[in-house]
$ cat input-v6.tsv   # TSV, C-alpha atoms
chain	number	residue	atom	x	y	z
A	1362	MET	CA	31.68	47.15	158.80
A	1363	THR	CA	28.93	44.61	158.15
A	1364	PHE	CA	27.50	44.88	154.66
A	1365	THR	CA	23.78	44.20	154.30
A	1366	LYS	CA	22.06	44.18	150.91
A	1367	THR	CA	18.85	45.99	151.79
A	1368	THR	CA	17.92	45.87	148.09
A	1369	GLU	CA	17.63	42.08	148.45
A	1370	GLN	CA	15.67	41.98	151.69
A	1371	ALA	CA	12.08	40.73	151.66
A	1372	SER	CA	9.34	43.13	150.67
A	1373	LYS	CA	7.20	44.36	153.55
A	1374	TYR	CA	4.15	43.48	151.47
A	1375	GLU	CA	2.79	39.94	151.30
A	1376	HIS	CA	0.52	38.10	148.85
A	1377	LEU	CA	0.89	40.62	146.03
A	1378	GLU	CA	-1.06	38.35	143.70
A	1379	LYS	CA	-4.12	38.73	145.92
A	1380	MET	CA	-4.12	42.54	145.77
A	1381	SER	CA	-6.49	44.48	143.55
A	1382	VAL	CA	-4.98	46.73	140.87
A	1383	HIS	CA	-5.84	49.73	143.05
A	1384	GLU	CA	-4.01	48.21	146.01
A	1385	LEU	CA	-0.98	47.35	143.88
A	1386	LEU	CA	-0.72	50.86	142.47
A	1387	THR	CA	-1.29	52.54	145.83
A	1388	ASN	CA	1.37	50.46	147.54
A	1389	ILE	CA	3.91	50.91	144.74
A	1390	ASN	CA	3.27	54.65	144.85
A	1391	ASN	CA	3.71	54.71	148.63
A	1392	GLU	CA	7.09	53.05	148.25
A	1393	ASP	CA	8.10	55.42	145.45
A	1394	LYS	CA	7.37	58.41	147.69
A	1395	THR	CA	10.27	57.38	149.92
A	1396	VAL	CA	12.87	57.65	147.17
A	1397	PRO	CA	13.37	61.46	147.09
A	1398	HIS	CA	13.96	61.43	150.85
A	1399	ALA	CA	16.68	58.81	150.42
A	1400	VAL	CA	18.27	60.94	147.70
A	1401	GLU	CA	18.12	63.99	149.96
A	1402	LYS	CA	20.20	62.20	152.58
A	1403	ALA	CA	22.88	61.58	149.95
A	1404	LEU	CA	23.11	65.21	148.76
A	1405	PRO	CA	26.53	65.84	150.39
A	1406	GLN	CA	27.95	62.81	148.54
A	1407	ILE	CA	26.33	63.90	145.29
A	1408	GLU	CA	27.74	67.41	145.68
A	1409	ALA	CA	31.25	66.07	146.20
A	1410	LEU	CA	31.08	63.96	143.05
A	1411	VAL	CA	29.56	66.74	140.92
A	1412	ALA	CA	32.42	69.03	141.96
A	1413	GLN	CA	34.89	66.44	140.66
A	1414	VAL	CA	32.96	65.98	137.42
A	1415	VAL	CA	32.88	69.72	136.75
A	1416	ASN	CA	36.58	70.06	137.53
A	1417	GLN	CA	37.59	67.24	135.18
A	1418	LEU	CA	35.33	68.39	132.34
A	1419	LYS	CA	36.84	71.87	132.59
A	1420	LEU	CA	40.24	70.23	132.17
A	1421	GLY	CA	39.04	68.73	128.90
A	1422	GLY	CA	38.05	65.38	130.34
A	1423	ARG	CA	34.93	63.32	129.73
A	1424	LEU	CA	32.34	61.62	131.91
A	1425	PHE	CA	31.78	57.88	131.69
A	1426	TYR	CA	29.05	55.78	133.28
A	1427	ILE	CA	29.58	52.03	133.55
A	1428	GLY	CA	26.93	49.58	134.67
A	1429	ALA	CA	25.11	46.33	133.98
A	1430	GLY	CA	21.42	45.62	133.42
A	1431	THR	CA	19.05	48.34	134.59
A	1432	SER	CA	21.92	50.39	136.02
A	1433	GLY	CA	23.81	50.28	132.74
A	1434	ARG	CA	20.71	51.23	130.76
A	1435	LEU	CA	20.08	54.22	133.00
A	1436	GLY	CA	23.62	55.43	132.40
A	1437	VAL	CA	23.16	55.09	128.65
A	1438	VAL	CA	19.90	57.05	128.81
A	1439	ASP	CA	21.43	59.92	130.77
A	1440	ALA	CA	24.49	60.10	128.52
A	1441	SER	CA	22.44	60.01	125.32
A	1442	GLU	CA	20.28	62.93	126.45
A	1443	CYS	CA	23.19	65.33	127.04
A	1444	PRO	CA	23.98	66.25	123.40
A	1445	PRO	CA	20.39	67.16	122.40
A	1446	THR	CA	19.67	68.93	125.69
A	1447	PHE	CA	22.89	70.85	126.17
A	1448	GLY	CA	24.48	70.88	122.70
A	1449	VAL	CA	27.64	69.12	123.89
A	1450	PRO	CA	29.68	66.70	121.74
A	1451	PHE	CA	28.27	63.17	121.66
A	1452	ASP	CA	31.39	61.78	123.33
A	1453	LEU	CA	31.52	64.18	126.30
A	1454	VAL	CA	29.19	61.99	128.40
A	1455	ASN	CA	29.35	58.27	127.66
A	1456	GLY	CA	27.24	55.36	128.85
A	1457	ILE	CA	28.86	51.92	128.74
A	1458	ILE	CA	26.82	48.83	129.55
A	1459	ALA	CA	28.11	45.33	130.28
A	1460	GLY	CA	27.54	43.20	127.21
A	1461	GLY	CA	27.71	46.15	124.81
A	1462	ASP	CA	24.87	47.89	123.02
A	1463	THR	CA	23.06	44.58	122.52
A	1464	ALA	CA	22.44	44.53	126.28
A	1465	ILE	CA	20.44	47.75	126.10
A	1466	ARG	CA	17.49	45.74	124.76
A	1467	ARG	CA	18.32	42.18	125.77
A	1468	ALA	CA	20.18	40.83	128.78
A	1469	VAL	CA	23.58	39.37	127.88
A	1470	GLU	CA	24.28	36.27	129.95
A	1471	ASN	CA	27.05	36.60	132.54
A	1472	ALA	CA	28.18	40.00	131.20
A	1473	GLU	CA	28.00	41.61	134.64
A	1474	ASP	CA	30.18	38.89	136.17
A	1475	ASN	CA	33.25	39.73	134.07
A	1476	ALA	CA	35.51	41.81	136.31
A	1477	THR	CA	38.02	42.74	133.59
A	1478	GLN	CA	35.75	43.70	130.68
A	1479	ALA	CA	34.83	47.22	131.85
A	1480	TRP	CA	38.44	48.36	131.69
A	1481	ILE	CA	38.72	46.89	128.18
A	1482	ASP	CA	35.54	48.76	127.21
A	1483	LEU	CA	36.89	52.01	128.67
A	1484	GLN	CA	40.22	51.62	126.90
A	1485	ALA	CA	38.34	51.47	123.59
A	1486	HIS	CA	37.47	55.12	124.32
A	1487	ASN	CA	41.11	56.02	125.07
A	1488	ILE	CA	40.28	56.69	128.71
A	1489	ASP	CA	42.82	58.93	130.47
A	1490	LYS	CA	43.50	60.76	133.74
A	1491	ASN	CA	41.40	63.79	132.75
A	1492	ASP	CA	38.24	61.68	132.63
A	1493	VAL	CA	35.78	60.67	135.36
A	1494	VAL	CA	34.21	57.21	135.61
A	1495	ILE	CA	31.04	56.62	137.64
A	1496	GLY	CA	30.10	53.03	138.37
A	1497	ILE	CA	26.38	52.36	138.75
A	1498	ALA	CA	25.11	49.25	140.56
A	1499	ALA	CA	22.07	49.06	142.82
A	1500	SER	CA	23.52	46.10	144.70
A	1501	GLY	CA	26.99	47.59	144.92
A	1502	THR	CA	28.47	44.17	144.17
A	1503	THR	CA	28.56	43.91	140.36
A	1504	PRO	CA	32.01	42.56	139.33
A	1505	TYR	CA	31.96	44.37	135.95
A	1506	VAL	CA	31.53	47.72	137.67
A	1507	ILE	CA	33.85	47.14	140.63
A	1508	GLY	CA	36.59	45.79	138.38
A	1509	GLY	CA	36.28	48.81	136.13
A	1510	LEU	CA	36.66	51.25	139.00
A	1511	GLU	CA	39.59	49.33	140.46
A	1512	SER	CA	41.45	49.64	137.16
A	1513	CYS	CA	40.60	53.34	136.97
A	1514	ASN	CA	41.95	53.88	140.48
A	1515	GLN	CA	45.17	52.14	139.48
A	1516	ASN	CA	45.49	54.49	136.52
A	1517	ASN	CA	44.84	57.74	138.44
A	1518	ILE	CA	41.37	58.28	136.99
A	1519	VAL	CA	38.74	59.91	139.22
A	1520	THR	CA	36.04	57.41	140.21
A	1521	GLY	CA	32.55	57.76	141.63
A	1522	SER	CA	29.70	55.36	142.23
A	1523	ILE	CA	25.95	55.17	142.70
A	1524	SER	CA	24.70	52.30	144.86
A	1525	CYS	CA	21.59	51.64	146.92
A	1526	ASN	CA	23.34	49.67	149.68
A	1527	ALA	CA	25.41	51.45	152.30
A	1528	GLY	CA	28.99	50.27	152.70
A	1529	SER	CA	28.92	48.12	149.59
A	1530	PRO	CA	32.10	46.85	147.90
A	1531	LEU	CA	31.45	49.33	145.09
A	1532	SER	CA	31.14	52.24	147.52
A	1533	LEU	CA	34.39	51.20	149.18
A	1534	THR	CA	36.12	51.07	145.78
A	1535	ALA	CA	34.98	54.46	144.47
A	1536	GLN	CA	36.83	57.61	145.48
A	1537	PHE	CA	33.54	59.54	145.57
A	1538	PRO	CA	30.72	57.11	146.41
A	1539	ILE	CA	27.02	57.90	146.54
A	1540	ASP	CA	24.79	55.64	148.66
A	1541	VAL	CA	21.04	56.10	148.20
A	1542	VAL	CA	19.52	53.56	150.58
A	1543	VAL	CA	15.93	53.00	149.47
A	1544	GLY	CA	15.34	49.75	151.37
A	1545	PRO	CA	13.53	46.59	150.22
A	1546	GLU	CA	11.64	46.69	146.93
A	1547	PHE	CA	7.87	46.21	146.56
A	1548	VAL	CA	8.65	43.04	144.60
A	1549	THR	CA	11.53	41.48	146.53
A	1550	GLY	CA	14.85	42.09	144.80
A	1551	SER	CA	13.38	43.99	141.82
A	1552	SER	CA	15.89	46.82	141.90
A	1553	ARG	CA	14.58	48.30	138.66
A	1554	MET	CA	11.89	49.85	140.90
A	1555	LYS	CA	12.90	52.13	143.81
A	1556	ALA	CA	16.62	51.61	143.28
A	1557	GLY	CA	16.31	52.35	139.58
A	1558	THR	CA	14.27	55.46	140.30
A	1559	ALA	CA	16.86	56.65	142.80
A	1560	GLN	CA	19.69	56.11	140.34
A	1561	LYS	CA	17.82	58.05	137.65
A	1562	LEU	CA	17.25	60.97	140.02
A	1563	VAL	CA	20.93	61.06	140.95
A	1564	LEU	CA	22.04	60.85	137.31
A	1565	ASN	CA	19.71	63.75	136.48
A	1566	MET	CA	21.38	65.77	139.23
A	1567	ILE	CA	24.93	64.94	138.19
A	1568	SER	CA	24.62	65.69	134.48
A	1569	THR	CA	22.29	68.69	134.83
A	1570	ALA	CA	24.31	70.38	137.58
A	1571	ALA	CA	27.55	69.76	135.70
A	1572	MET	CA	26.19	71.18	132.45
A	1573	ILE	CA	24.84	74.26	134.21
A	1574	LYS	CA	28.24	74.89	135.85
A	1575	LEU	CA	29.85	74.51	132.42
A	1576	GLY	CA	27.65	77.34	131.12
A	1577	LYS	CA	25.28	75.24	129.02
A	1578	VAL	CA	22.17	76.90	130.51
A	1579	LYS	CA	21.33	80.61	130.50
A	1580	GLY	CA	18.83	81.75	133.10
A	1581	ASN	CA	16.77	78.58	133.14
A	1582	LYS	CA	16.82	77.91	129.40
A	1583	MET	CA	18.53	75.22	127.31
A	1584	VAL	CA	20.11	77.78	124.98
A	1585	ASP	CA	22.50	75.26	123.42
A	1586	MET	CA	19.94	72.52	122.73
A	1587	GLN	CA	19.95	70.78	119.36
A	1588	LEU	CA	17.11	71.94	117.12
A	1589	SER	CA	16.22	68.44	116.00
A	1590	ASN	CA	12.45	68.65	115.61
A	1591	VAL	CA	9.55	71.08	115.15
A	1592	LYS	CA	8.80	71.21	118.89
A	1593	LEU	CA	12.35	72.21	119.77
A	1594	VAL	CA	12.57	74.78	116.98
A	1595	ASP	CA	9.38	76.38	118.27
A	1596	ARG	CA	10.77	76.33	121.80
A	1597	GLY	CA	13.95	77.96	120.54
A	1598	VAL	CA	12.05	80.72	118.75
A	1599	LYS	CA	10.08	81.50	121.89
A	1600	MET	CA	13.28	81.54	123.96
A	1601	ILE	CA	14.71	84.16	121.62
A	1602	MET	CA	11.53	86.24	121.88
A	1603	GLY	CA	11.88	86.13	125.65
A	1604	GLU	CA	15.42	87.49	125.49
A	1605	ILE	CA	15.23	90.17	122.78
A	1606	PRO	CA	12.42	92.38	121.40
A	1607	VAL	CA	11.55	90.57	118.17
A	1608	SER	CA	8.45	88.98	116.63
A	1609	TYR	CA	7.99	85.26	116.17
A	1610	GLU	CA	8.91	85.56	112.49
A	1611	GLU	CA	12.02	87.62	113.23
A	1612	ALA	CA	13.10	85.20	115.95
A	1613	SER	CA	12.57	82.29	113.57
A	1614	ASP	CA	14.76	83.97	110.95
A	1615	LEU	CA	17.48	84.65	113.52
A	1616	LEU	CA	17.40	81.03	114.65
A	1617	LYS	CA	17.72	79.78	111.08
A	1618	LYS	CA	20.58	82.18	110.45
A	1619	HIS	CA	22.62	81.42	113.58
A	1620	GLY	CA	21.64	77.81	114.28
A	1621	SER	CA	21.26	78.16	118.05
A	1622	VAL	CA	19.36	80.22	120.59
A	1623	ARG	CA	22.57	81.41	122.23
A	1624	LYS	CA	24.14	82.64	118.99
A	1625	ALA	CA	20.91	84.27	117.84
A	1626	VAL	CA	20.65	86.27	121.06
A	1627	ASP	CA	24.36	87.07	121.36
A	1628	ASN	CA	24.59	88.31	117.77
A	1629	TYR	CA	21.45	90.42	117.82
A	1630	ASN	CA	22.19	93.97	116.67
A	1631	LEU	CA	25.89	93.22	116.13
$ encode --input "input-v6.tsv" --output "structure tokens"
Amino acid sequence: MTFTKTTEQASKYEHLEKMSVHELLTNINNEDKTVPHAVEKALPQIEALVAQVVNQLKLGGRLFYIGAGTSGRLGVVDASECPPTFGVPFDLVNGIIAGGDTAIRRAVENAEDNATQAWIDLQAHNIDKNDVVIGIAASGTTPYVIGGLESCNQNNIVTGSISCNAGSPLSLTAQFPIDVVVGPEFVTGSSRMKAGTAQKLVLNMISTAAMIKLGKVKGNKMVDMQLSNVKLVDRGVKMIMGEIPVSYEEASDLLKKHGSVRKAVDNYNL
């Protein structure tokens, strides 16, 4: 199979510097509109990977994202949002970026080119066969990510991937690959744009669907969310009021007593 990096192909727009702000925004928006359709085409692949994630987490495993640059940062963002949103332990979903946490804010030179470092980084978390590792790379060619998945495969760890190029080396390495082919970027090669948006949408799907299947959502509410600020406490009080016949003040007292929406509702009248 011939591998073509569509993420690196020339933009279909010329002379961007001559466009008005209105033209720039309109054209960027037109390109962004194509991303959900590309994700839709990948739904069967996403479903297959989510099923594996749910299965491994039910076995007591954890979910790891590995990536470099924008892809790595997106994995870190998704992982960091799981504890406050779903009340899960901070180490259930983990984002690892090439170059370490320093690379979240500043690019670390040549970090993505090290094919052995991802496995070293994963071993620092005592990675084992119950875990799942998802490699994220828009190009599908990042050595850090491919090397990490190769080592996981050799150690009987379930692997998945998110790439924006069909038939990429990363997709061929992962046991459960996801290819979201968004085509050339508005600014040639700037994969933080459509490719980054696509990866974020897929990550939202993976973590949210997995948490729902693990029972972390009731109805459509985040009943296990961390009550870390005034807004979330107010949301929690109103969730309780929607589930049981109590006033705002009574719901607030129940929330303070039990520490979570789920426990407040489950222990009402016990």
$ atom_distance --input "input-v6.tsv" --atom1 "atom CA of A:Phe1537" --atom2 "atom CA of A:Ile1465"
26.3 Å
$ residues_near_point --input "input-v6.tsv" --point "(22.1, 55.7, 130.6)" --cutoff "9 Å" --atoms "only C-alpha atoms" --output "list in words"
Tyr1426, Ile1427, Gly1428, Thr1431, Ser1432, Gly1433, Arg1434, Leu1435, Gly1436, Val1437, Val1438, Asp1439, Ala1440, Ser1441, Glu1442, Asn1455, Gly1456, Ile1457, Ile1458, Lys1561 and Leu1564 of chain A
$ atom_distance --input "input-v6.tsv" --atom1 "atom CA of A:Gln1417" --atom2 "atom CA of A:Val1493"
6.8 Å
$ closest_atom_pairs --input "input-v6.tsv" --of "stretch 1383-1491 of chain A" --to "stretch 1613-1629 of chain A" --cutoff "12 Å" --atoms "all atoms listed in the file" --output "Markdown table"
| residue | atom | partner | partner_atom | distance |
| --- | --- | --- | --- | --- |
| A:Pro1445 | CA | A:Ser1621 | CA | 11.9 |
| A:Phe1447 | CA | A:Ser1621 | CA | 11.0 |
| A:Gly1448 | CA | A:Ser1621 | CA | 9.2 |
$ residues_around --input "input-v6.tsv" --residues "A:Ala1371" --least-positions-apart "6" --cutoff "10 Å" --atoms "only C-alpha atoms" --output "ChimeraX atom specification"
/A:1544-1550
$ closest_residue --input "input-v6.tsv" --among "A:Gly1460, A:Asn1526, A:Thr1503, A:Ala1535" --to "A:Thr1367" --atoms "all atoms listed in the file"
A:Asn1526
$ axis_aligned_box --input "input-v6.tsv" --around "stretch 1430-1436 of chain A" --padding-each-side "3 Å" --output "lines of an AutoDock Vina configuration file"
center_x = 21.4
center_y = 50.5
center_z = 133.4
size_x = 10.8
size_y = 15.8
size_z = 11.3
$ closest_residue --input "input-v6.tsv" --among "A:Val1542, A:Ile1605, A:Ala1472, A:Val1578" --to "A:Thr1365" --atoms "all atoms listed in the file"
A:Val1542
$ residues_around --input "input-v6.tsv" --residues "A:Ile1518" --least-positions-apart "2" --cutoff "9 Å" --atoms "all atoms listed in the file" --output "list in words"
Ile1488, Asp1489, Lys1490, Asn1491, Asp1492, Val1493, Val1494, Leu1510, Ser1512, Cys1513, Asn1514, Gln1515, Asn1516 and Thr1520 of chain A
$ residues_around --input "input-v6.tsv" --residues "A:Ser1500" --least-positions-apart "2" --cutoff "10 Å" --atoms "only C-alpha atoms" --output "PyMOL selection string"
chain A and resi 1365-1369+1432+1497-1498+1502-1503+1523-1527+1529-1531+1550+1552+1556
$ closest_residue --input "input-v6.tsv" --among "A:Gly1430, A:Thr1446, A:Asn1487, A:Leu1588" --to "A:Glu1470" --atoms "all atoms listed in the file"
A:Gly1430
